Amino acid sequence: MSLWRWIALDLKRLFRGRALILATLITPLVGLMVFASVVAPMLLEEKRIIIPYAICNEDSSEPVRQFVRLLTNAESLKSLTAVYPVKDMQTGYELLASGNVSLLVHVPADFYTDISTGGNPAMYIIASEAHSFEQSIVRITVDSLLSIVGQSQNVLQRFAGEAIDAGADEAAANDWIGGQMSGGIEEYMHRRAALSQGGILSAYSEYFPVQYYLCALFSIFAALAMLPALYLSSADMGGPVVKRGLLASRPAASKYYLGRLISGAALILLALALLIPIGAVTEEADALLANMADTVWLALAPALILTALSFSALALFLGALINRPRLALWCGFFIVLTMAALSGALVAEGALPALLAEIGRWTPLKSAMSLLANSLFSLDSARYAQDTLRLAAMFIALALAGYKLVLRKGAAL
Amino acid sequence: MNAYALFVCRLKASLRDFASMAILFLCVAGALLAHWHGEQRQQGRLTLALVNEDTGRMGARLADILSEEETLSVRVISAEAAERLLMQDRAQCVARIPADFSERLQRREFRSSAVLTVSSGSAYASAVSEPLVNAIMKLWFEQRTIYNMDSFLLERGLALAPERKQTLEADMERIWREGPLIRVENITLAPSPSAAMKEPASIALCWFAALIPFYFTVNSGWLLRDSFRSLTGRIRRTGFSSPALFLTQSAAGFVLVAGCFALVGLLTMSAGAFTELVPGILLYCVGCVGIALTLCSLCRNFTALLLVAPTFTLAAAVLSGLLMQLPEWAGVWAALSNILPGRGLYEAFAGVPGALAPLVALAWVTAGLLSAYLSQRRNNSKRELTDPIL
């Protein structure tokens with residue numbers, strides 16, 4: 001049989017099952033629609049968490065009032081919390097019970113007296129078990145605040161004592177403490193300046209989450225679209241095509257192999273070609289369409305073809321390796337699942353352990369994902385060339401291995 | 001031929017089917033992993049990763065001061081490991097202490113003395129970095145106080161002996177280490193009797209419920225096997241009805257999944273709370289059986305089924321709210337999702353079981369039986385002349 005007849009026959013077999021062709025082409029669209037209409041807008045929403053808490057200050061002394069003011073205006077809590085001062089504990093508990101606040105901070109009536117008389121001063125952060133995380137967040141700031149203010153005072157007193165021992169006047173030493181403390185607190189108000197911003201690290205590399213997962217979806221569906229070709233190849237290798245000796249000669253086996261490679265790639269390419277325009281319905285439409293307008297097609301077209309060929313070669317390799325179609329199908333499915341997990345398509349690449357992420361980089365799915373993302377969103381020619389070479393190397397390795405297996409199964413070797 | 005024998009045979013076959021059992025195992029493992037991750041977050045183990053590049057001794061002292069923090073876990077690690085922790089959401093921020101950190105503090109400068117890196121998903125970086133800021137301020141305060149004390153004494157023609165200075169520095173370290181005299185206590189409220197009745201379903205159950213339609217669908221692959229088609233004919237001749245046959249065969253998957261639900265539920269929540277969810281879970285499983293039969297009948301071959309199953313599972317999980325709460329603007333999807341059994345389960349998990357759930361389950365199982373019956377009839381009447389390969 002000629003190469004064209006093999007391709008024509010394969011395409012006929014692949015496209016004959018209406019349910020199968022619908023499953024291959026429609027399910028990615030359904031998946032993408034759900035992603036575009038529900039998941040993508042949620043990914044784009046700002047991750048803003050506000051912890052509402054009530055504060056009940058029963059101590060009317062001025063220093064405690066100042067402390068409460070410092071706490072409620074603390075920079076570390078300002079962006080995270082919403083504070084509701086309450087007049088008594090009863091109101092605080094009611095707010096807690098109704099779920100209007102997550103925590104209740106209680107400063108008891110004798111708080112300052114306990115501090116000044118050397119008692120055992122304590123303040124309380126009250127919450128249910130379900131809000132223990134929020135409890136920890138607020139406690140970090142309260143602890144930290146008490147520590148710096150209270151201990152600085154102790155340090156200064158220790159120094160003043162030393163100065164008096166060295167011969168300084170007691171009144172002057174006490175004045176010195178007051179001056180140092182107020183100067184310290186003034187600087188302390190600007191304490192966040194101690195940190196400079198090192199930037200934001202993203203587990204999604206240089207892409208936004210929507211771009212990242214969009215390309216992950218494209219790649220996963222491209223990989224899944226290899227399953228029909230895999231089933232067909234496996235059935236052929238253990239079935240009539242081999243048993244009738246149709247692949248007994250090297251030229252016949254070569255034509256069969258090439259025909260299957262092309263027809264399998266055609267189906268995958270069709271699934272991908274349908275996905276790209278639909279991807280434009282996501283919130284990233286502007287970026288996607290703007291990029292697709294001009295030269296990006298020149299980069300995208302080879303990327304899509306190479307991706308389709310690589311998955312088709314993988315399908316042929318697996319199909320030639322496993323002669324039981326159902327088993328081959330399951331193996332193919334689990335391989336896609338494993339590749340997706342290792343490539344960061346399920347969990348962002350940056351969040352994977354280093355070793356797994358490195359293994360993932362050597363799977364066709366990761367290379368395809370990276371190539372698509374680069375072509376669609378941030379065309380960097382050096383990266384593009386690197387990804388293309390990597391995917392091309394994997395394609396060649398899979399194609400050669402698959403070809404050898406087909407020759408062997410067809411008794412041409 | 002009796003129903004029990006058919007059920008037992010299918011159950012044995014399901015248990016022997018390595019691939020679908022692997023899917024079931026992955027569903028359980030995924031659910032327990034999600035639960036573990038949720039618990040870790042709830043326990044509030046907040047972590048600050050510290051990369052110390054300081055060539056002086058202040059960097060080490062900073063790490064010492066931070067290690068005294070009870071509410072925060074501080075890890076002094078390399079830059080690469082710190083970035084990895086941050087991206088894995090196992091640290092809330094990374095602080096890099098530059099090489100000239102000690103030098104700057106000795107010059108009594110605290111501004112920009114550490115570099116803070118946060119992750120795009122971290123919402124707590126400012127709270128977690130607060131102890132770091134305060135620790136830097138303590139070290140700065142030390143240097144400032146020593147310098148000002150020297151000036152204060154110098155103005156009066158006095159000076160501290162070097163050994164006294166050393167004692168003072170040691171005392172300062174002790175004071176910081178001793179911590180504040182004021183205690184901050186966390187008080188955890190005991191759940192009220194009414195709250196105990198409303199113990200929320202565990203994350204594990206939500207995840208398991210979200211993933212399990214995939215297992216149900218692929219486990220119903222028996223409907224597509226040629227061997228089952230010929231078996232159907234033989235069984236029917238014994239007077240066994242088709243719906244009864246489909247139900248006995250589906251019951252095997254149902255029992256396995258119900259068992260796994262119990263396992264996940266009992267491992268992650270109290271038996272009492274789980275018992276309250278059992279009716280909702282059973283209705284959900286019935287609905288899933290119906291959906292699986294419908295999808296199998298529509299797909300007609302296993303390849304198509306394997307392509308449809310993951311997409312359907314993902315879509316159903318998202319729309320029913322089991323994986324994530326649907327936002328307010330997704331009202332249309334929320335309304336449409338009422339036809340999914342997952343919606344009823346989500347409402348049961350939320351403590352407000354909907355009246356629609358039994359009807360949805362019944363509708364799906366009826367649709368499943370009907371479509372399976374029609375599919376069998378079509379196959380029997382055609383006796384495929386088409387290529388059996390696909």
# chains A, B, ... in the order shown; residues from 1 in each chain; ligands from 1
$ residues_around --residues "Phe214 in chain B" --least-positions-apart "2" --cutoff "8 Å" --atoms "only C-alpha atoms" --output "MDAnalysis selection string"
chainID B and resid 211:212 216:218 309:310 312:313
$ select_by_dssp --residues "range 91-250 of chain A" --states "helix (DSSP H, G or I)" --output "PyMOL selection string"
chain A and resi 91-98+111-116+129-165+170-188+191-194+209-224+227-237+240-243+250
$ interface_residues --of "chain A" --to "chain B" --cutoff "7 Å" --atoms "only C-alpha atoms" --output "number ranges by chain"
A: 17, 19-20, 23-24, 27, 31, 34, 38, 47-49, 76-77, 121-129, 132-133, 136-137, 140-141, 143-144, 146-148, 150-151, 155, 166, 191-203, 224, 227-228, 232, 235, 330, 350-352
$ closest_atom_pairs --of "range 2-75 of chain B" --to "range 263-275 of chain B" --cutoff "8 Å" --atoms "only C-alpha atoms" --output "tab-separated table"
residue	atom	partner	partner_atom	distance
B:Val28	CA	B:Val264	CA	6.9
B:Ala31	CA	B:Val264	CA	7.6
B:Leu32	CA	B:Val264	CA	7.1
B:His35	CA	B:Thr268	CA	7.5
$ write_last_selection --atoms "N, CA and C atoms" --output "PDB file, in the first residue's frame"
ATOM      1  N   VAL B  28      -8.643   8.465  46.507  1.00  0.00           N
ATOM      2  CA  VAL B  28      -8.533   8.452  47.975  1.00  0.00           C
ATOM      3  C   VAL B  28      -7.275   9.225  48.398  1.00  0.00           C
ATOM      4  N   ALA B  31      -7.657  12.933  47.965  1.00  0.00           N
ATOM      5  CA  ALA B  31      -8.550  13.510  48.979  1.00  0.00           C
ATOM      6  C   ALA B  31      -7.823  13.657  50.319  1.00  0.00           C
ATOM      7  N   LEU B  32      -7.069  12.614  50.704  1.00  0.00           N
ATOM      8  CA  LEU B  32      -6.363  12.680  51.991  1.00  0.00           C
ATOM      9  C   LEU B  32      -5.246  13.720  51.959  1.00  0.00           C
ATOM     10  N   HIS B  35      -6.767  17.039  52.431  1.00  0.00           N
ATOM     11  CA  HIS B  35      -7.126  17.201  53.850  1.00  0.00           C
ATOM     12  C   HIS B  35      -5.892  17.573  54.671  1.00  0.00           C
TER      13      HIS B  35
END
$ atom_distance --atom1 "CA of Ser37 in chain A" --atom2 "CA of Leu336 in chain B"
13.5 Å
$ residues_around --residues "Asn2 in chain B" --least-positions-apart "6" --cutoff "10 Å" --atoms "only C-alpha atoms" --output "count of residues only"
5
$ atom_distance --atom1 "CA of Asp110 in chain A" --atom2 "CA of Ala54 in chain A"
19.3 Å
$ atom_distance --atom1 "CA of Asn154 in chain A" --atom2 "CA of Trp176 in chain A"
13.6 Å
